[in-house]
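The structure under discussion appears below in the form of structure tokens.
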Amino acid sequence: MNASEEKLLEVRNLHVAYGKVEALQGVSLAIAKGRMGQIVTVIGPNGAGKTTLLSAIMGLLPSRGEIFFAGELEPVPEVGRMVRRGMNLVPEKRELFAEMSVEDNLILGAFQRYRQGYRDHDRSLREVFALFPRLLERRRQRAGTLSGGERQMVAIGRALMAQPTLLMLDEPSLGLAPLVVREIFRIIVELRKRGVSILLVEQNARAALQVADYAYVIETGGIVMEGQAENLRNDPRVIEAYLGLGQHQEKLA
Amino acid sequence: MFPKYLATFAATLTFTIGAANAQVRIGVIASSTGPVASIGIPQKNSAALLPIRVGDLTVEYVVLDDGSDPTAAVTAAKKLINEHHVDAIIGPSGSPQAMGLVQFVAEAGTPMIAPVGSAGVVLPMNAQKKWVFKTTQNDSASVEVLLAHMAKTGIRKIGVMISNDAFGENRYKEIVAQAKGFGLSIVANEKYQRGDTSVMGQVMKLIAAKPEAIFIACPGSPAILPQATLRDKGYKGRIYQSDGAALEAFLKQGGKKVEGTILQGSMMLVLSEIPASNPSRKVMSDYVAAYEKRFGKAETFGSQLYDAGLLVANAIPVAVRKAKPGTAEFRAALRDALEATKDFVATQGRYSMTPENHSGMDKKGANELITVQEGKWRLVR
Amino acid sequence: MDIDLPIALILGQDGIINGAIYALLALAILLVFTVTRVLMIPQGEFVAFGALTMAALQAGQPARLVWLLAALAVAEAIADLIVLRTRRQGAQVTFSALLVKLAYPFVLAALLYNLPTATLPMPVQAMFTLAIIVPMGPQIYRLFFQPIASAPSLILLIAAIAVDVSLVGVSLFVFGPESASTAPFSEASFEFGSVNVSSQALWVVGSALALIVALWLFFSHTLHGKALRAAAVNRTGATLMGISPVFAGKASFLLATLLGALSGILIAPITPISFDSGFVISLKGFVGAIIGGLISYPLAAAGALAVGLIEAFAAFWASSYKEVIVFTLIIPFLLWRSLTRHTLEEEE
């Protein structure tokens with residue numbers, strides 16, 4: 001790994017502790033910069049620390065270690081600042097504003113940009129609706145009344161309203177039907193084409209490894225394996241632990 | 001509710017006036033915070049005007065705040081008695097607080113001189129109340145004077161509006177007890193809270209009963225609201241107020257709405273009309289001059305506490321002949337001396353105490369019948 | 001006593017005027033609660049501040065309340081400096097912003113002590129009153145509630161009570177124990193049939209309506225308003241959008257003090273207000289907010305209006321029990337709410 005200026009995101013030796021329990025021990029990862037976006041995935045079992053990792057990078061949790069984003073060291077990451085600088089997180093629980101309309105939810109994604117002086121939220125909204133036509137139909141509906149898949153679309157769309165260069169997704173396929181999951185992953189690939197890099201945390205290792213460029217495997221708070229996604233897909237240890245017994249899994253992406 | 005916590009806290013803050021190692025120590029309890037602060041603040045200030053030398057004895061005053069709360073008053077009294085070993089207590093500011101203290105001062109054998117209106121603190125006289133004295137006219141007397149005026153001017157039907165607290169309740173009891181004797185019937189009676197922002201309902205009910213005069217009894221400036229509302233709604237009859245309304249703020253706030261009100265007030269308010277032959281006039285004007293030099297406009301409540309202090313100062317030389325200050329014997333002697341006070345001239349009149357009468361003032365008392373004319377207090381002629 | 005139409009109209013008018021004020025306070029209490037989980041016990045003190053400051057200005061006395069603003073500003077500056085020094089990041093508070101916030105009360109004080117405030121036009125007096133009181137909201141949030149923002153509700157309640165008690169004490173110290181009232185906005189009064197309506201009454205109700213509409217527009221049509229709503233609905237989600245809980249907290253407190261101070265300015269010509277009047281007034285706003293289940297704005301406003309009306313009529317029918325009747329109203333609503341709520345909030 002070279003100097004941080006060439007990386008979109010570089011995390012060095014990250015430690016996160018809850019009281020005495022170390023949730024992450026010395027985790028390092030990187031996402032390269034490029035004309036097209038990169039999809040980097042972090043897979044691993046439940047409780048390995050995947051959500052903790054994203055939360056710490058975003059600034060929701062205190063951490064020790066170094067986090068470089070877009071060439072700059074963030075000594076104490078803070079959510080507002082990260083959003084302003086081009087990072088956004090779609091959390092596992094989506095955290096939508098259930099009583100507010102789809103359109104209001106999306107518009108609020110542009111809040112920080114608005115405060116920074118950008119007035120392009122209408123254009124961003126059109127782009128999000130183009131990506132998720134189903135949301136356009138339901139724009140006035142209360143977000144809490146949508147289906148699981150639609151809610152996920154609102155969550156992603158809302159994050160996109162901030163025009164991020166790095167989008168972090170925490171378990172986007174969780175609780176969704178296979179057809180919907182396929183749609184979501186198609187969108188993820190589409191985003192990469194538009195230059196948005198994705199840091200994808202997934203339990204569904206098969207789907208994740210099929211779309212990713214690079215992958216990390218995390219177990220009990222530490223990285224145990226990393227490499228090009230296609231290599232990991234064929235690695236016997238990974239196959240045994242994460243790619244399961246189902247020979248009937250559909251090919252995604 | 002919540003001010004109670006503040007009151008208990010405030011009771012722990014003390015001010016002392018006079019030399020730190022004085023020979024005689026007097027405790028002062030005044031409600032300088034809380035709902036009756038408008039009464040307690042002038043009283044607290046007046047304590048600073050009391051004599052710090054009597055003969056060749058030095059006197060120290062320890063001032064505590066009870067936040068207008070009877071429980072805090074008890075805490076304050078205990079502190080004064082047990083920690084400061086006071087020889088006498090002046091105060092507190094309100095009747096509920098005073099009633100609560102009777103038992104404690106009696107147990108401690110410490111005389112208490114309370115500038116409160118309720119006769120209940122000294123009557124009926126018993127072993128406990130013999131330790132208590134008061135420097136204000138009895139509630140009964142103040143109500144009597146007003147009812148007498150109503151009867152004299154041909155009024156038969158009256159309406160009554162009282163504040164929902166001890167002051168209002170006491171006055172109401174007196175009014176009810178005495179009304180028939182003056183040939184008056186109460187055609188309507190309403191209550192309101194001191195903190196109310198509107199008394200429209202009560203006022204409408206009073207007006208509908210068509211009384212010839214209305215008697216309002218509430219301590220402090222909240223007494224203005226019902227009167228202002230009555231006048232706004234076109235009530236043309238005469239309005240009487242209790243001595244609780246005899247404040248500067250009543251004139252300022254009330255403006256045109258309180259013109260023509262008849263109430264009982266201290267001679268302080270009509271000092272210029274009091275004949276020079278009245279010996280209290282000089283004592284009162286000296287007090288007012290001293291108060292205004294340091295604190296701004298003087299209020300009658302302050303003079304009531306001042307009188308209490310003067311009474312004690314008057315009793316000290318007598319008591320010191322029998323015992324040394326700081327001893328239980330001295331406090332008992334002080335009590336005896338207070339009880340023996342005869343014709344003592346203070347700001348509100350002449351005080352003469354007897355074993356049965358610890359109010360010291362006869363029916364004529366200190367308060368004058370006054371009215372508001374052109375925004376000023378005037379004697380009723 | 002029988003009630004006839006003229007009396008009922010007068011009582012109704014009285015109830016609506018008081019109810020309008022209670023409604024504004026109920027909305028403020030609801031807003032602060034949904035965004036910060038703080039029960040705004042001190043809400044009434046801002047009403048008292050508003051009324052008493054206007055009275056002081058009209059009497060030509062210097063508005064000494066500005067020194068409370070200065071003290072809070074100094075405390076906030078110290079707190080912010082400490083944060084700036086211990087967190088090395090690009091802080092949320094810049095040094096220049098800190099200086100401006102610190103200088104503001106002193107500049108304001110200089111103006112107030114040197115201008116002939118008694119002769120200024122009433123709108124200008126009102127502007128000064130707001131200029132003193134409204135900035136206190138964010139300051140109070142920053143100093144007393146931001147540090148304990150994630151504490152259990154009980155701690156927040158105790159802190160709110162402590163702040164309220166302190167403000168009452170300051171009020172007594174600054175304004176004295178006497179009550180005060182101010183000049184009406186205009187002396188006009190109107191006859192509607194048999195009922196006499198003062199222009200002040202129209203001002204109160206009209207302003208309350210205008211404020212409610214303005215709030216509604218703010219929350220439904222502006223981005224900042226939506227951001228505040230979002231912070232109330234889902235704090236985590238809002239944080240992820242860069243809507244910081246601190247911003248939301250300060251904004252809600254600012255609106256609360258604005259509504260409180262305005263209410264004080266509106267009712268001061270009608271009602272004498274003293275340093276301890278605030279608590280009981282805000283308590284009635286609370287009843288309104290509880291009727292709204294501490295969730296619904298329209299219900300809270302309607303509930304507060306009902307409180308005003310019930311209070312007015314209860315004062316006529318049974319003045320000794322008026323307070324009892326008004327506050328017992330909460331009980332059926334609390335029962336109804338606890339029986340029908342199937343989605344319980346995590347904390348309550």
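Every chain in the structure tokens has a letter given in the order shown (A, B, ...), and although residue numbers restart at 1 in each chain, ligands are simply numbered from 1 in the order shown.
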
Any chance you could list, as a VMD selection string, the residues in region 70-226 of chain B that come up strand (DSSP E or B) when DSSP is run on the backbone? chain B and resid 88 to 90 112 to 114 132 to 134 157 to 163 185 to 192 213 to 217

Go ahead and save the residues from that selection, with N, CA, C and O atoms, as a compact mmCIF listing (two decimals), in the first residue's frame.
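What ended up in again_28.txt:
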# COMPACT_ATOMS: atom_id res chain seq x y z
N ALA B 88 -33.90 36.18 71.32
CA ALA B 88 -35.28 36.42 70.91
C ALA B 88 -35.36 36.27 69.39
O ALA B 88 -34.34 36.33 68.71
N ILE B 89 -36.57 36.06 68.90
CA ILE B 89 -36.75 35.96 67.44
C ILE B 89 -37.77 37.01 67.00
O ILE B 89 -38.84 37.13 67.62
N ILE B 90 -37.42 37.73 65.96
CA ILE B 90 -38.37 38.67 65.36
C ILE B 90 -38.78 38.08 64.01
O ILE B 90 -37.94 37.66 63.23
N MET B 112 -40.83 35.28 70.88
CA MET B 112 -40.93 35.58 69.45
C MET B 112 -41.90 36.74 69.26
O MET B 112 -43.00 36.73 69.80
N ILE B 113 -41.46 37.73 68.49
CA ILE B 113 -42.33 38.88 68.23
C ILE B 113 -42.62 38.87 66.74
O ILE B 113 -41.73 39.12 65.91
N ALA B 114 -43.86 38.55 66.40
CA ALA B 114 -44.19 38.31 64.99
C ALA B 114 -45.03 39.44 64.42
O ALA B 114 -46.10 39.74 64.94
N VAL B 132 -45.21 34.30 72.69
CA VAL B 132 -45.37 34.96 71.39
C VAL B 132 -46.02 36.33 71.55
O VAL B 132 -46.96 36.48 72.34
N PHE B 133 -45.51 37.29 70.80
CA PHE B 133 -46.10 38.64 70.78
C PHE B 133 -46.32 39.04 69.34
O PHE B 133 -45.62 38.54 68.45
N LYS B 134 -47.24 39.93 69.09
CA LYS B 134 -47.37 40.41 67.72
C LYS B 134 -47.46 41.92 67.67
O LYS B 134 -47.90 42.57 68.62
N LYS B 157 -75.66 44.98 51.25
CA LYS B 157 -75.30 43.73 50.59
C LYS B 157 -73.88 43.84 50.06
O LYS B 157 -73.53 44.76 49.33
N ILE B 158 -73.05 42.89 50.45
CA ILE B 158 -71.66 42.92 49.98
C ILE B 158 -71.27 41.63 49.30
O ILE B 158 -71.84 40.57 49.54
N GLY B 159 -70.29 41.77 48.40
CA GLY B 159 -69.67 40.59 47.79
C GLY B 159 -68.25 40.49 48.30
O GLY B 159 -67.65 41.50 48.67
N VAL B 160 -67.73 39.28 48.39
CA VAL B 160 -66.38 39.09 48.93
C VAL B 160 -65.54 38.29 47.95
O VAL B 160 -66.00 37.29 47.39
N MET B 161 -64.29 38.72 47.74
CA MET B 161 -63.36 37.99 46.87
C MET B 161 -62.07 37.80 47.64
O MET B 161 -61.44 38.78 48.03
N ILE B 162 -61.70 36.56 47.90
CA ILE B 162 -60.50 36.33 48.70
C ILE B 162 -59.49 35.47 47.96
O ILE B 162 -59.83 34.70 47.06
N SER B 163 -58.23 35.63 48.35
CA SER B 163 -57.20 34.78 47.77
C SER B 163 -57.22 33.45 48.50
O SER B 163 -57.52 33.37 49.68
N SER B 185 -75.15 41.55 54.68
CA SER B 185 -75.29 40.18 54.21
C SER B 185 -74.35 39.95 53.03
O SER B 185 -74.19 40.81 52.16
N ILE B 186 -73.75 38.76 53.02
CA ILE B 186 -72.79 38.44 51.96
C ILE B 186 -73.55 37.76 50.83
O ILE B 186 -74.00 36.63 50.97
N VAL B 187 -73.72 38.46 49.70
CA VAL B 187 -74.52 37.90 48.61
C VAL B 187 -73.69 37.07 47.63
O VAL B 187 -74.24 36.34 46.81
N ALA B 188 -72.39 37.21 47.68
CA ALA B 188 -71.55 36.39 46.80
C ALA B 188 -70.17 36.29 47.41
O ALA B 188 -69.69 37.25 47.99
N ASN B 189 -69.58 35.10 47.30
CA ASN B 189 -68.19 35.06 47.72
C ASN B 189 -67.40 34.14 46.80
O ASN B 189 -67.83 33.06 46.43
N GLU B 190 -66.28 34.63 46.34
CA GLU B 190 -65.45 33.94 45.35
C GLU B 190 -64.02 33.85 45.81
O GLU B 190 -63.56 34.67 46.61
N LYS B 191 -63.31 32.86 45.25
CA LYS B 191 -61.90 32.69 45.60
C LYS B 191 -61.06 32.73 44.33
O LYS B 191 -61.52 32.35 43.26
N TYR B 192 -59.81 33.12 44.49
CA TYR B 192 -58.89 33.03 43.35
C TYR B 192 -57.48 32.77 43.86
O TYR B 192 -57.19 32.98 45.03
N ALA B 213 -71.32 46.76 47.62
CA ALA B 213 -69.88 46.98 47.78
C ALA B 213 -69.20 45.63 47.71
O ALA B 213 -69.82 44.60 47.93
N ILE B 214 -67.93 45.65 47.37
CA ILE B 214 -67.17 44.39 47.28
C ILE B 214 -65.91 44.50 48.12
O ILE B 214 -65.22 45.53 48.08
N PHE B 215 -65.65 43.45 48.87
CA PHE B 215 -64.49 43.41 49.77
C PHE B 215 -63.49 42.41 49.18
O PHE B 215 -63.82 41.25 48.99
N ILE B 216 -62.29 42.89 48.88
CA ILE B 216 -61.27 42.01 48.33
C ILE B 216 -60.19 41.82 49.38
O ILE B 216 -59.69 42.80 49.95
N ALA B 217 -59.83 40.57 49.66
CA ALA B 217 -58.78 40.32 50.66
C ALA B 217 -57.71 39.42 50.06
O ALA B 217 -57.93 38.23 49.85

For region 199-210 of chain B: contacts at 7 Å, only C-alpha atoms, fewer than 6 positions along chain excluded, given as a list in words: Gly159, Val187, Ala188, Glu190, Tyr192, Pro226, Thr229, Leu230 and Tyr235 of chain B; Ile7, Leu11, Asp14, Ala312, Phe313, Ala315, Phe316 and Ser319 of chain C

Go ahead and write the selection's residues with N, CA, C and O atoms as a PDB file, in the first residue's frame.
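What follows is the written file again_7.pdb:
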ATOM      1  N   GLY B 159     -70.287  41.769  48.397  1.00  0.00           N
ATOM      2  CA  GLY B 159     -69.675  40.590  47.790  1.00  0.00           C
ATOM      3  C   GLY B 159     -68.253  40.493  48.304  1.00  0.00           C
ATOM      4  O   GLY B 159     -67.645  41.499  48.670  1.00  0.00           O
ATOM      5  N   VAL B 187     -73.721  38.464  49.695  1.00  0.00           N
ATOM      6  CA  VAL B 187     -74.519  37.897  48.612  1.00  0.00           C
ATOM      7  C   VAL B 187     -73.695  37.067  47.631  1.00  0.00           C
ATOM      8  O   VAL B 187     -74.238  36.343  46.806  1.00  0.00           O
ATOM      9  N   ALA B 188     -72.386  37.205  47.683  1.00  0.00           N
ATOM     10  CA  ALA B 188     -71.553  36.392  46.799  1.00  0.00           C
ATOM     11  C   ALA B 188     -70.175  36.293  47.411  1.00  0.00           C
ATOM     12  O   ALA B 188     -69.687  37.252  47.990  1.00  0.00           O
ATOM     13  N   GLU B 190     -66.279  34.632  46.335  1.00  0.00           N
ATOM     14  CA  GLU B 190     -65.454  33.935  45.348  1.00  0.00           C
ATOM     15  C   GLU B 190     -64.015  33.855  45.808  1.00  0.00           C
ATOM     16  O   GLU B 190     -63.564  34.669  46.610  1.00  0.00           O
ATOM     17  N   TYR B 192     -59.808  33.117  44.492  1.00  0.00           N
ATOM     18  CA  TYR B 192     -58.895  33.026  43.353  1.00  0.00           C
ATOM     19  C   TYR B 192     -57.479  32.772  43.858  1.00  0.00           C
ATOM     20  O   TYR B 192     -57.192  32.979  45.031  1.00  0.00           O
ATOM     21  N   PRO B 226     -58.502  41.433  40.623  1.00  0.00           N
ATOM     22  CA  PRO B 226     -59.968  41.401  40.673  1.00  0.00           C
ATOM     23  C   PRO B 226     -60.568  42.800  40.584  1.00  0.00           C
ATOM     24  O   PRO B 226     -61.604  42.992  39.941  1.00  0.00           O
ATOM     25  N   THR B 229     -60.438  44.025  37.000  1.00  0.00           N
ATOM     26  CA  THR B 229     -61.413  43.311  36.183  1.00  0.00           C
ATOM     27  C   THR B 229     -62.826  43.802  36.487  1.00  0.00           C
ATOM     28  O   THR B 229     -63.641  43.977  35.578  1.00  0.00           O
ATOM     29  N   LEU B 230     -63.110  44.008  37.780  1.00  0.00           N
ATOM     30  CA  LEU B 230     -64.442  44.518  38.142  1.00  0.00           C
ATOM     31  C   LEU B 230     -64.711  45.851  37.462  1.00  0.00           C
ATOM     32  O   LEU B 230     -65.780  46.070  36.896  1.00  0.00           O
ATOM     33  N   TYR B 235     -68.376  47.465  36.922  1.00  0.00           N
ATOM     34  CA  TYR B 235     -68.906  47.510  38.284  1.00  0.00           C
ATOM     35  C   TYR B 235     -68.689  48.898  38.875  1.00  0.00           C
ATOM     36  O   TYR B 235     -67.569  49.397  38.913  1.00  0.00           O
TER      37      TYR B 235
ATOM     38  N   ILE C   7     -72.843  36.506  29.584  1.00  0.00           N
ATOM     39  CA  ILE C   7     -71.800  36.045  30.495  1.00  0.00           C
ATOM     40  C   ILE C   7     -70.975  34.946  29.836  1.00  0.00           C
ATOM     41  O   ILE C   7     -69.744  34.931  29.905  1.00  0.00           O
ATOM     42  N   LEU C  11     -67.013  34.916  29.263  1.00  0.00           N
ATOM     43  CA  LEU C  11     -66.147  33.858  29.787  1.00  0.00           C
ATOM     44  C   LEU C  11     -65.431  33.146  28.649  1.00  0.00           C
ATOM     45  O   LEU C  11     -64.251  32.804  28.738  1.00  0.00           O
ATOM     46  N   ASP C  14     -62.572  35.187  27.462  1.00  0.00           N
ATOM     47  CA  ASP C  14     -61.486  35.094  28.434  1.00  0.00           C
ATOM     48  C   ASP C  14     -60.741  33.770  28.290  1.00  0.00           C
ATOM     49  O   ASP C  14     -59.516  33.705  28.297  1.00  0.00           O
ATOM     50  N   ALA C 312     -61.870  29.135  32.545  1.00  0.00           N
ATOM     51  CA  ALA C 312     -62.720  30.322  32.624  1.00  0.00           C
ATOM     52  C   ALA C 312     -64.093  29.979  33.176  1.00  0.00           C
ATOM     53  O   ALA C 312     -64.631  30.680  34.038  1.00  0.00           O
ATOM     54  N   PHE C 313     -64.672  28.877  32.675  1.00  0.00           N
ATOM     55  CA  PHE C 313     -66.008  28.531  33.132  1.00  0.00           C
ATOM     56  C   PHE C 313     -65.994  27.956  34.537  1.00  0.00           C
ATOM     57  O   PHE C 313     -66.896  28.198  35.329  1.00  0.00           O
ATOM     58  N   ALA C 315     -64.039  28.879  36.836  1.00  0.00           N
ATOM     59  CA  ALA C 315     -63.895  30.013  37.749  1.00  0.00           C
ATOM     60  C   ALA C 315     -65.243  30.620  38.059  1.00  0.00           C
ATOM     61  O   ALA C 315     -65.460  31.150  39.150  1.00  0.00           O
ATOM     62  N   PHE C 316     -66.154  30.524  37.102  1.00  0.00           N
ATOM     63  CA  PHE C 316     -67.493  31.066  37.329  1.00  0.00           C
ATOM     64  C   PHE C 316     -68.299  30.139  38.215  1.00  0.00           C
ATOM     65  O   PHE C 316     -68.932  30.563  39.179  1.00  0.00           O
ATOM     66  N   SER C 319     -65.412  28.594  41.888  1.00  0.00           N
ATOM     67  CA  SER C 319     -64.074  29.189  41.886  1.00  0.00           C
ATOM     68  C   SER C 319     -63.138  28.542  42.895  1.00  0.00           C
ATOM     69  O   SER C 319     -61.930  28.529  42.687  1.00  0.00           O
TER      70      SER C 319
END

What's around region 22-37 of chain B at 8 Å? Count only C-alpha atoms, leave out sequence neighbours fewer than 6 positions away in its own chain, and write the answer as a PyMOL selection string. (chain B and resi 3+7+43-44+47+57-69+73+76-77+80+84-94+219-220+325-326) or (chain C and resi 169+172+177+276)

Sort by chain and increasing residue number a table of all residues of chain C within 10 Å of chain B, each with its closest pair of atoms and their distance in Å to one decimal, counting only C-alpha atoms, and write it as JSON lines.
{"residue": "C:Met1", "atom": "CA", "partner": "B:Lys205", "partner_atom": "CA", "distance": 7.6}
{"residue": "C:Asp2", "atom": "CA", "partner": "B:Lys205", "partner_atom": "CA", "distance": 9.4}
{"residue": "C:Ile3", "atom": "CA", "partner": "B:Lys205", "partner_atom": "CA", "distance": 9.1}
{"residue": "C:Ile7", "atom": "CA", "partner": "B:Met204", "partner_atom": "CA", "distance": 6.9}
{"residue": "C:Ala8", "atom": "CA", "partner": "B:Gly201", "partner_atom": "CA", "distance": 9.3}
{"residue": "C:Ile10", "atom": "CA", "partner": "B:Met200", "partner_atom": "CA", "distance": 7.9}
{"residue": "C:Leu11", "atom": "CA", "partner": "B:Gly201", "partner_atom": "CA", "distance": 6.2}
{"residue": "C:Gly12", "atom": "CA", "partner": "B:Gly201", "partner_atom": "CA", "distance": 9.7}
{"residue": "C:Gln13", "atom": "CA", "partner": "B:Met200", "partner_atom": "CA", "distance": 9.7}
{"residue": "C:Asp14", "atom": "CA", "partner": "B:Met200", "partner_atom": "CA", "distance": 6.8}
{"residue": "C:Gly15", "atom": "CA", "partner": "B:Met200", "partner_atom": "CA", "distance": 8.9}
{"residue": "C:Ile17", "atom": "CA", "partner": "B:Ser198", "partner_atom": "CA", "distance": 9.8}
{"residue": "C:Asn18", "atom": "CA", "partner": "B:Ser198", "partner_atom": "CA", "distance": 8.0}
{"residue": "C:Ile161", "atom": "CA", "partner": "B:Phe2", "partner_atom": "CA", "distance": 7.8}
{"residue": "C:Ala162", "atom": "CA", "partner": "B:Phe2", "partner_atom": "CA", "distance": 9.1}
{"residue": "C:Asp164", "atom": "CA", "partner": "B:Phe2", "partner_atom": "CA", "distance": 8.8}
{"residue": "C:Val165", "atom": "CA", "partner": "B:Pro3", "partner_atom": "CA", "distance": 6.7}
{"residue": "C:Ser166", "atom": "CA", "partner": "B:Leu6", "partner_atom": "CA", "distance": 8.5}
{"residue": "C:Val168", "atom": "CA", "partner": "B:Pro3", "partner_atom": "CA", "distance": 8.4}
{"residue": "C:Gly169", "atom": "CA", "partner": "B:Thr33", "partner_atom": "CA", "distance": 7.8}
{"residue": "C:Leu172", "atom": "CA", "partner": "B:Thr33", "partner_atom": "CA", "distance": 7.4}
{"residue": "C:Phe173", "atom": "CA", "partner": "B:Thr33", "partner_atom": "CA", "distance": 9.1}
{"residue": "C:Gly176", "atom": "CA", "partner": "B:Ser38", "partner_atom": "CA", "distance": 8.0}
{"residue": "C:Pro177", "atom": "CA", "partner": "B:Ser38", "partner_atom": "CA", "distance": 5.0}
{"residue": "C:Glu178", "atom": "CA", "partner": "B:Ser38", "partner_atom": "CA", "distance": 6.3}
{"residue": "C:Ser179", "atom": "CA", "partner": "B:Ser221", "partner_atom": "CA", "distance": 6.5}
{"residue": "C:Ala180", "atom": "CA", "partner": "B:Gln253", "partner_atom": "CA", "distance": 6.6}
{"residue": "C:Ser181", "atom": "CA", "partner": "B:Gln253", "partner_atom": "CA", "distance": 7.0}
{"residue": "C:Thr182", "atom": "CA", "partner": "B:Gln253", "partner_atom": "CA", "distance": 9.3}
{"residue": "C:Asn196", "atom": "CA", "partner": "B:Lys233", "partner_atom": "CA", "distance": 9.2}
{"residue": "C:Ile267", "atom": "CA", "partner": "B:Thr197", "partner_atom": "CA", "distance": 8.8}
{"residue": "C:Ala268", "atom": "CA", "partner": "B:Thr197", "partner_atom": "CA", "distance": 9.7}
{"residue": "C:Ile270", "atom": "CA", "partner": "B:Thr197", "partner_atom": "CA", "distance": 8.3}
{"residue": "C:Thr271", "atom": "CA", "partner": "B:Thr197", "partner_atom": "CA", "distance": 5.5}
{"residue": "C:Pro272", "atom": "CA", "partner": "B:Thr197", "partner_atom": "CA", "distance": 7.2}
{"residue": "C:Ile273", "atom": "CA", "partner": "B:Thr197", "partner_atom": "CA", "distance": 7.7}
{"residue": "C:Ser274", "atom": "CA", "partner": "B:Gly195", "partner_atom": "CA", "distance": 8.4}
{"residue": "C:Phe275", "atom": "CA", "partner": "B:Pro35", "partner_atom": "CA", "distance": 9.0}
{"residue": "C:Asp276", "atom": "CA", "partner": "B:Pro35", "partner_atom": "CA", "distance": 7.1}
{"residue": "C:Ser277", "atom": "CA", "partner": "B:Gly195", "partner_atom": "CA", "distance": 5.5}
{"residue": "C:Gly278", "atom": "CA", "partner": "B:Gly195", "partner_atom": "CA", "distance": 8.7}
{"residue": "C:Phe279", "atom": "CA", "partner": "B:Gly195", "partner_atom": "CA", "distance": 9.1}
{"residue": "C:Val280", "atom": "CA", "partner": "B:Gly195", "partner_atom": "CA", "distance": 7.1}
{"residue": "C:Ile281", "atom": "CA", "partner": "B:Thr197", "partner_atom": "CA", "distance": 8.0}
{"residue": "C:Glu311", "atom": "CA", "partner": "B:Gly201", "partner_atom": "CA", "distance": 8.6}
{"residue": "C:Ala312", "atom": "CA", "partner": "B:Gly201", "partner_atom": "CA", "distance": 5.6}
{"residue": "C:Phe313", "atom": "CA", "partner": "B:Gly201", "partner_atom": "CA", "distance": 6.2}
{"residue": "C:Ala314", "atom": "CA", "partner": "B:Gly201", "partner_atom": "CA", "distance": 7.3}
{"residue": "C:Ala315", "atom": "CA", "partner": "B:Gly201", "partner_atom": "CA", "distance": 4.6}
{"residue": "C:Phe316", "atom": "CA", "partner": "B:Gly201", "partner_atom": "CA", "distance": 3.8}
{"residue": "C:Trp317", "atom": "CA", "partner": "B:Gly201", "partner_atom": "CA", "distance": 7.6}
{"residue": "C:Ala318", "atom": "CA", "partner": "B:Glu190", "partner_atom": "CA", "distance": 8.3}
{"residue": "C:Ser319", "atom": "CA", "partner": "B:Lys191", "partner_atom": "CA", "distance": 5.5}
{"residue": "C:Ser320", "atom": "CA", "partner": "B:Lys191", "partner_atom": "CA", "distance": 5.4}
{"residue": "C:Tyr321", "atom": "CA", "partner": "B:Lys191", "partner_atom": "CA", "distance": 8.9}
{"residue": "C:Lys322", "atom": "CA", "partner": "B:Tyr192", "partner_atom": "CA", "distance": 8.4}
{"residue": "C:Glu323", "atom": "CA", "partner": "B:Gln193", "partner_atom": "CA", "distance": 8.4}

Output as an NGL selection string the set of chain A residues within 9 Å of chain C, with distances taken over only C-alpha atoms. :A and (58 or 60 or 74-84 or 88-91 or 94-100 or 104-105 or 107-112 or 114 or 158-159 or 162)

Name the residues in contact with Ile155 (chain B) at a cut-off of 10 Å, using only C-alpha atoms, excluding same-chain residues fewer than 4 positions from it; report them as a list in words. Leu147, Ala148, His149, Met150, Ala151, Phe182, Gly183, Leu184, Ser185, Pro211, Glu212, Ala213 and Arg238 of chain B

Skip Ala70 (chain A) itself and residues of its chain fewer than 3 positions away, then list as a ChimeraX atom specification all residues within 12 Å of it, counting only C-alpha atoms. /A:3-11,30-34,67,73-74,82,84-87,164-166,197

All residues 10 Å or closer to Gly148 (chain A), only C-alpha atoms, same chain fewer than 4 positions away omitted, as a ChimeraX atom specification: /A:94,144,152-154,174-177,180

Give the answer as one residue: which of A:Arg233, A:Arg139, A:Arg192, A:Lys93 has the shortest atom-to-atom distance to Ser173 (chain A), using only C-alpha atoms? A:Lys93

Name the residues of region 72-180 of chain C that come out as helix (DSSP H, G or I) in a backbone DSSP run; write them as a PyMOL selection string. chain C and resi 72-86+95-114+117-119+122-133+136-148+153-175
